[in-house]
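Novice: Mind having a look at this structure? Questions to follow.
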Amino acid sequence: MRVRELAVEGAVEFTPEVFPDERGMFTSPYQAPAFEAAVGGLLFPVAQTSHSRSQRGVIRGLHYTLAPPGNAKYVYCPRGRALDLIVDIRTGSPTFGAWEAVELDEETCRSLYLPIGVAHGFVILEEDTIISYLLSAFYDPAVERALSPLDPALGLPIPDGLDPILSERDRIAPTLAEALAARVLPDYKTCRRLAAGHRA
């Protein structure tokens with residue numbers, strides 16, 4: 001398992017070894033020893049698993065959860081190809097405003113750990129792409145929020161040649177600056193405290 005710390009503090013990329021043969025392939029996108037060494041504890045207790053299937057050009061996100069309660073994620077792509085987007089929106093974070101874009105696909109089986117408080121989204125690059133993720137909290141629309149993935153100040157690397165398809169919620173979502181002014185972003189210290197509770 002290859003491990004890489006991302007530009008967003010606390011976010012980590014994991015790339016497992018893939019074993020192909022005449023039957024197909026086998027891999028393990030989550031491996032506890034590698035995760036524990038990189039993050040400092042075992043994976044959070046899983047409250048929900050989710051997956052989406054999308055056509056090329058779909059952009060989902062940027063989404064985040066108010067903290068508390070917060071919601072950590074472990075994300076991978078078992079089918080197709082997507083550009084995963086992670087943005088640090090935790091006020092007081094040493095990497096506030098930083099972002100990372102990571103390609104996820106079925107060949108590498110690369111996965112991402114996203115700590116509580118970051119915003120997450122993805123751009124679908126191939127038809128019928130599936131994104132699967134483990135969540136530390138149940139989905140609760142009352143505490144879910146969105147930011148614009150097309151915020152020019154963020155300058156996320158949305159690929160050229162796509163006809164972006166967004167939900168109405170994501171199309172009208174505020175920019176990072178607007179959310180900061182409205183004081184609706186997670187606090188870094190609170191997010192760290194909530195994450196520590198997962199490892200207690």
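Residues are referred to by chain and number: the chain letter is A, B, ... according to the order shown in the structure tokens, the number counts from 1 in that chain, and ligands are numbered separately from 1 in the order shown.
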Tell me which protein, DNA and RNA residues are within 9 Å of segment 182-187 of chain A, counting only C-alpha atoms, leaving out same-chain ones fewer than 5 positions away, and put them as a PyMOL selection string.

Specialist: chain A and resi 64-68+70+89-93+116-118+145+176-177+192

Novice: Keeping N, CA and C atoms, export the residues of the selection given above as a tab-separated table (two decimals), in the first residue's frame.

Specialist:
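Heads up, here's the output in out-v5.tsv:
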```
chain	number	residue	atom	x	y	z
A	64	TYR	N	-20.28	19.44	2.46
A	64	TYR	CA	-19.67	19.28	3.78
A	64	TYR	C	-20.76	19.18	4.83
A	65	THR	N	-20.36	18.75	6.02
A	65	THR	CA	-21.28	18.57	7.15
A	65	THR	C	-20.89	19.53	8.26
A	66	LEU	N	-21.88	20.17	8.86
A	66	LEU	CA	-21.60	21.02	10.01
A	66	LEU	C	-20.95	20.19	11.11
A	67	ALA	N	-20.09	20.84	11.90
A	67	ALA	CA	-19.38	20.14	12.97
A	67	ALA	C	-19.49	20.93	14.27
A	68	PRO	N	-20.16	20.31	15.31
A	68	PRO	CA	-20.71	18.96	15.25
A	68	PRO	C	-21.96	18.90	14.38
A	70	GLY	N	-20.29	16.56	12.29
A	70	GLY	CA	-19.14	16.20	11.48
A	70	GLY	C	-19.32	14.85	10.80
A	89	ILE	N	-11.96	23.70	4.31
A	89	ILE	CA	-12.82	24.84	4.64
A	89	ILE	C	-12.91	25.03	6.15
A	90	ARG	N	-12.03	24.37	6.92
A	90	ARG	CA	-12.05	24.45	8.38
A	90	ARG	C	-11.39	25.75	8.83
A	91	THR	N	-12.17	26.65	9.40
A	91	THR	CA	-11.58	27.92	9.84
A	91	THR	C	-10.56	27.66	10.93
A	92	GLY	N	-9.40	28.28	10.81
A	92	GLY	CA	-8.31	28.07	11.75
A	92	GLY	C	-7.38	26.95	11.35
A	93	SER	N	-7.67	26.24	10.27
A	93	SER	CA	-6.80	25.16	9.81
A	93	SER	C	-5.52	25.73	9.22
A	116	ILE	N	-12.98	14.96	9.11
A	116	ILE	CA	-14.15	15.77	9.44
A	116	ILE	C	-13.87	17.24	9.09
A	117	GLY	N	-14.84	17.87	8.44
A	117	GLY	CA	-14.78	19.31	8.21
A	117	GLY	C	-14.33	19.75	6.84
A	118	VAL	N	-13.82	18.84	6.01
A	118	VAL	CA	-13.41	19.27	4.67
A	118	VAL	C	-14.59	19.17	3.72
A	145	ARG	N	-24.34	20.88	4.01
A	145	ARG	CA	-24.19	22.15	3.32
A	145	ARG	C	-23.42	21.94	2.02
A	176	LEU	N	-16.81	29.96	-1.33
A	176	LEU	CA	-16.14	29.82	-0.04
A	176	LEU	C	-16.14	31.15	0.71
A	177	ALA	N	-15.88	32.25	0.03
A	177	ALA	CA	-15.86	33.56	0.68
A	177	ALA	C	-17.24	33.90	1.25
A	192	ARG	N	-11.03	18.56	14.89
A	192	ARG	CA	-9.98	17.70	15.45
A	192	ARG	C	-10.47	16.98	16.70
```

Novice: Let's see if you can do this: from backbone DSSP, list all strand (DSSP E) residues in segment 52-191 of chain A, as a PyMOL selection string.

Specialist: chain A and resi 52-54+59-65+73-79+81-87+99-105+111-114+119-124+129-135+144-146

Novice: Find the residues near Pro174 of chain A: any atom within 12 Å, counting only C-alpha atoms, skip ones fewer than 2 places away on the same chain, and give them as a list in words.

Specialist: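 My reading of the contact set: Gly61, Leu62, His63, Arg145, Ala146, Leu147, Ser148, Pro149, Leu150, Asp151, Pro152, Ala153, Arg169, Asp170, Arg171, Ile172, Leu176, Ala177, Glu178, Ala179, Leu180, Ala181, Ala182, Val184 and Leu185 of chain A.
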
Novice: Skipping near chain neighbours, those fewer than 3 positions away, what residues fall within 6 Å of segment 48-59 of chain A using only C-alpha atoms, listed as a ChimeraX atom specification?

Specialist: /A:122-135,138,162-166

Novice: Quick one: everything within 6 Å of Leu104 of chain A, counting only C-alpha atoms, minus sequence neighbours fewer than 5 positions away in the same chain. Send it as a PDB file with all heavy atoms, in the first residue's frame.

Specialist:
```pdb
ATOM      1  N   CYS A  77     -13.262   4.427  -6.039  1.00  0.00           N
ATOM      2  CA  CYS A  77     -13.998   4.318  -7.304  1.00  0.00           C
ATOM      3  C   CYS A  77     -13.865   2.892  -7.835  1.00  0.00           C
ATOM      4  O   CYS A  77     -12.855   2.563  -8.465  1.00  0.00           O
ATOM      5  CB  CYS A  77     -13.454   5.332  -8.308  1.00  0.00           C
ATOM      6  SG  CYS A  77     -14.177   5.214  -9.965  1.00  0.00           S
ATOM      7  N   ARG A  81     -14.097   6.314 -13.832  1.00  0.00           N
ATOM      8  CA  ARG A  81     -13.006   7.257 -13.552  1.00  0.00           C
ATOM      9  C   ARG A  81     -13.587   8.602 -13.157  1.00  0.00           C
ATOM     10  O   ARG A  81     -14.534   9.088 -13.780  1.00  0.00           O
ATOM     11  CB  ARG A  81     -12.131   7.405 -14.800  1.00  0.00           C
ATOM     12  CG  ARG A  81     -10.825   8.147 -14.609  1.00  0.00           C
ATOM     13  CD  ARG A  81      -9.885   7.891 -15.786  1.00  0.00           C
ATOM     14  NE  ARG A  81     -10.480   8.339 -17.035  1.00  0.00           N
ATOM     15  CZ  ARG A  81     -10.206   9.515 -17.614  1.00  0.00           C
ATOM     16  NH1 ARG A  81      -9.345  10.355 -17.053  1.00  0.00           N
ATOM     17  NH2 ARG A  81     -10.774   9.853 -18.750  1.00  0.00           N
ATOM     18  N   ALA A  82     -13.020   9.191 -12.112  1.00  0.00           N
ATOM     19  CA  ALA A  82     -13.496  10.488 -11.612  1.00  0.00           C
ATOM     20  C   ALA A  82     -12.331  11.294 -11.083  1.00  0.00           C
ATOM     21  O   ALA A  82     -11.300  10.745 -10.676  1.00  0.00           O
ATOM     22  CB  ALA A  82     -14.538  10.290 -10.516  1.00  0.00           C
ATOM     23  N   ARG A 110      -7.291   3.401  -6.167  1.00  0.00           N
ATOM     24  CA  ARG A 110      -6.845   4.405  -5.205  1.00  0.00           C
ATOM     25  C   ARG A 110      -8.017   4.836  -4.327  1.00  0.00           C
ATOM     26  O   ARG A 110      -9.158   4.921  -4.781  1.00  0.00           O
ATOM     27  CB  ARG A 110      -6.291   5.600  -5.977  1.00  0.00           C
ATOM     28  CG  ARG A 110      -5.629   6.669  -5.151  1.00  0.00           C
ATOM     29  CD  ARG A 110      -5.044   7.741  -6.067  1.00  0.00           C
ATOM     30  NE  ARG A 110      -3.936   7.226  -6.854  1.00  0.00           N
ATOM     31  CZ  ARG A 110      -3.933   7.145  -8.171  1.00  0.00           C
ATOM     32  NH1 ARG A 110      -4.979   7.551  -8.886  1.00  0.00           N
ATOM     33  NH2 ARG A 110      -2.888   6.662  -8.810  1.00  0.00           N
TER      34      ARG A 110
END
```

Novice: What parts of segment 14-162 of chain A does DSSP call helix (DSSP H, G or I)? I'd like the answer as a ChimeraX atom specification.

Specialist: /A:32-39,141-143

Novice: Based on the selection just made, write C-alpha atoms of those residues as a PDB file, in the first residue's frame.

Specialist:
```pdb
ATOM      1  CA  ALA A  32      -5.882  -1.208   8.655  1.00  0.00           C
ATOM      2  CA  PRO A  33      -2.100  -1.242   9.316  1.00  0.00           C
ATOM      3  CA  ALA A  34      -1.400   1.303   6.568  1.00  0.00           C
ATOM      4  CA  PHE A  35      -4.326   3.480   7.620  1.00  0.00           C
ATOM      5  CA  GLU A  36      -3.349   3.412  11.301  1.00  0.00           C
ATOM      6  CA  ALA A  37       0.253   4.326  10.512  1.00  0.00           C
ATOM      7  CA  ALA A  38      -0.820   7.251   8.320  1.00  0.00           C
ATOM      8  CA  VAL A  39      -3.725   8.657  10.325  1.00  0.00           C
ATOM      9  CA  PRO A 141     -29.956  16.865   5.416  1.00  0.00           C
ATOM     10  CA  ALA A 142     -30.423  19.281   8.326  1.00  0.00           C
ATOM     11  CA  VAL A 143     -26.636  19.517   8.829  1.00  0.00           C
TER      12      VAL A 143
END
```

Novice: For Pro29 of chain A, which residue among A:Asp84, A:Glu13, A:Glu100, A:Glu5 is the nearest when counting only C-alpha atoms?

Specialist: A:Glu13

Novice: Of the candidates A:Ala72, A:Val12, A:Cys191, A:Val87, which one gets nearest to Ala101 of chain A if we count only C-alpha atoms?

Specialist: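 Nearest candidate to Ala101 of chain A out of A:Ala72, A:Val12, A:Cys191, A:Val87: A:Val87.
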
Novice: Within 7 Å of Asp88 of chain A, counting only C-alpha atoms, which residues show up once you throw out same-chain ones fewer than 2 positions away? Write them as a CSV table (one decimal) with C-alpha atoms, in the first residue's frame, please.

Specialist:
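Ended up saving to out-v1.csv:
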```csv
chain,number,residue,atom,x,y,z
A,8,VAL,CA,-5.3,19.4,2.8
A,86,ILE,CA,-11.0,18.0,-1.5
A,90,ARG,CA,-12.1,24.5,8.4
A,95,THR,CA,-4.2,24.6,5.2
A,96,PHE,CA,-7.5,26.6,5.1
A,97,GLY,CA,-8.4,27.2,1.5
A,98,ALA,CA,-6.0,24.6,0.1
A,99,TRP,CA,-7.4,21.9,-2.2
A,118,VAL,CA,-13.4,19.3,4.7
A,119,ALA,CA,-15.6,19.9,1.6
```

Novice: When you draw a straight line from atom CA of Pro20 of chain A to atom CA of Val3 of chain A, how long is it in Å?

Specialist: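 Here the two named atoms are 20.9 Å from each other.
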
Novice: Rank A:Glu9, A:Glu17, A:Glu22, A:Asp140 by their smallest atom-to-atom distance to Cys109 of chain A, using only C-alpha atoms, and report the top residue only.

Specialist: A:Glu17

Novice: What does the distance between atom CA of Val18 of chain A and atom CA of Thr108 of chain A come to in Å, to one decimal place?

Specialist: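 These atoms are spaced 7.1 Å apart.
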
Novice: From the list A:Ser28, A:Asp21, A:Tyr139, A:Ala195, which residue is nearest Gly41 of chain A when using only C-alpha atoms?

Specialist: A:Ala195

Novice: Quick check, in Å to one decimal: how far apart do atom CA of Asp105 of chain A and atom CA of Tyr74 of chain A lie?

Specialist: 14.6 Å

Novice: Here is a test: counting only C-alpha atoms, which residue of A:His120, A:Pro16, A:Tyr188, A:Leu6 is nearest to Leu156 of chain A?

Specialist: A:His120
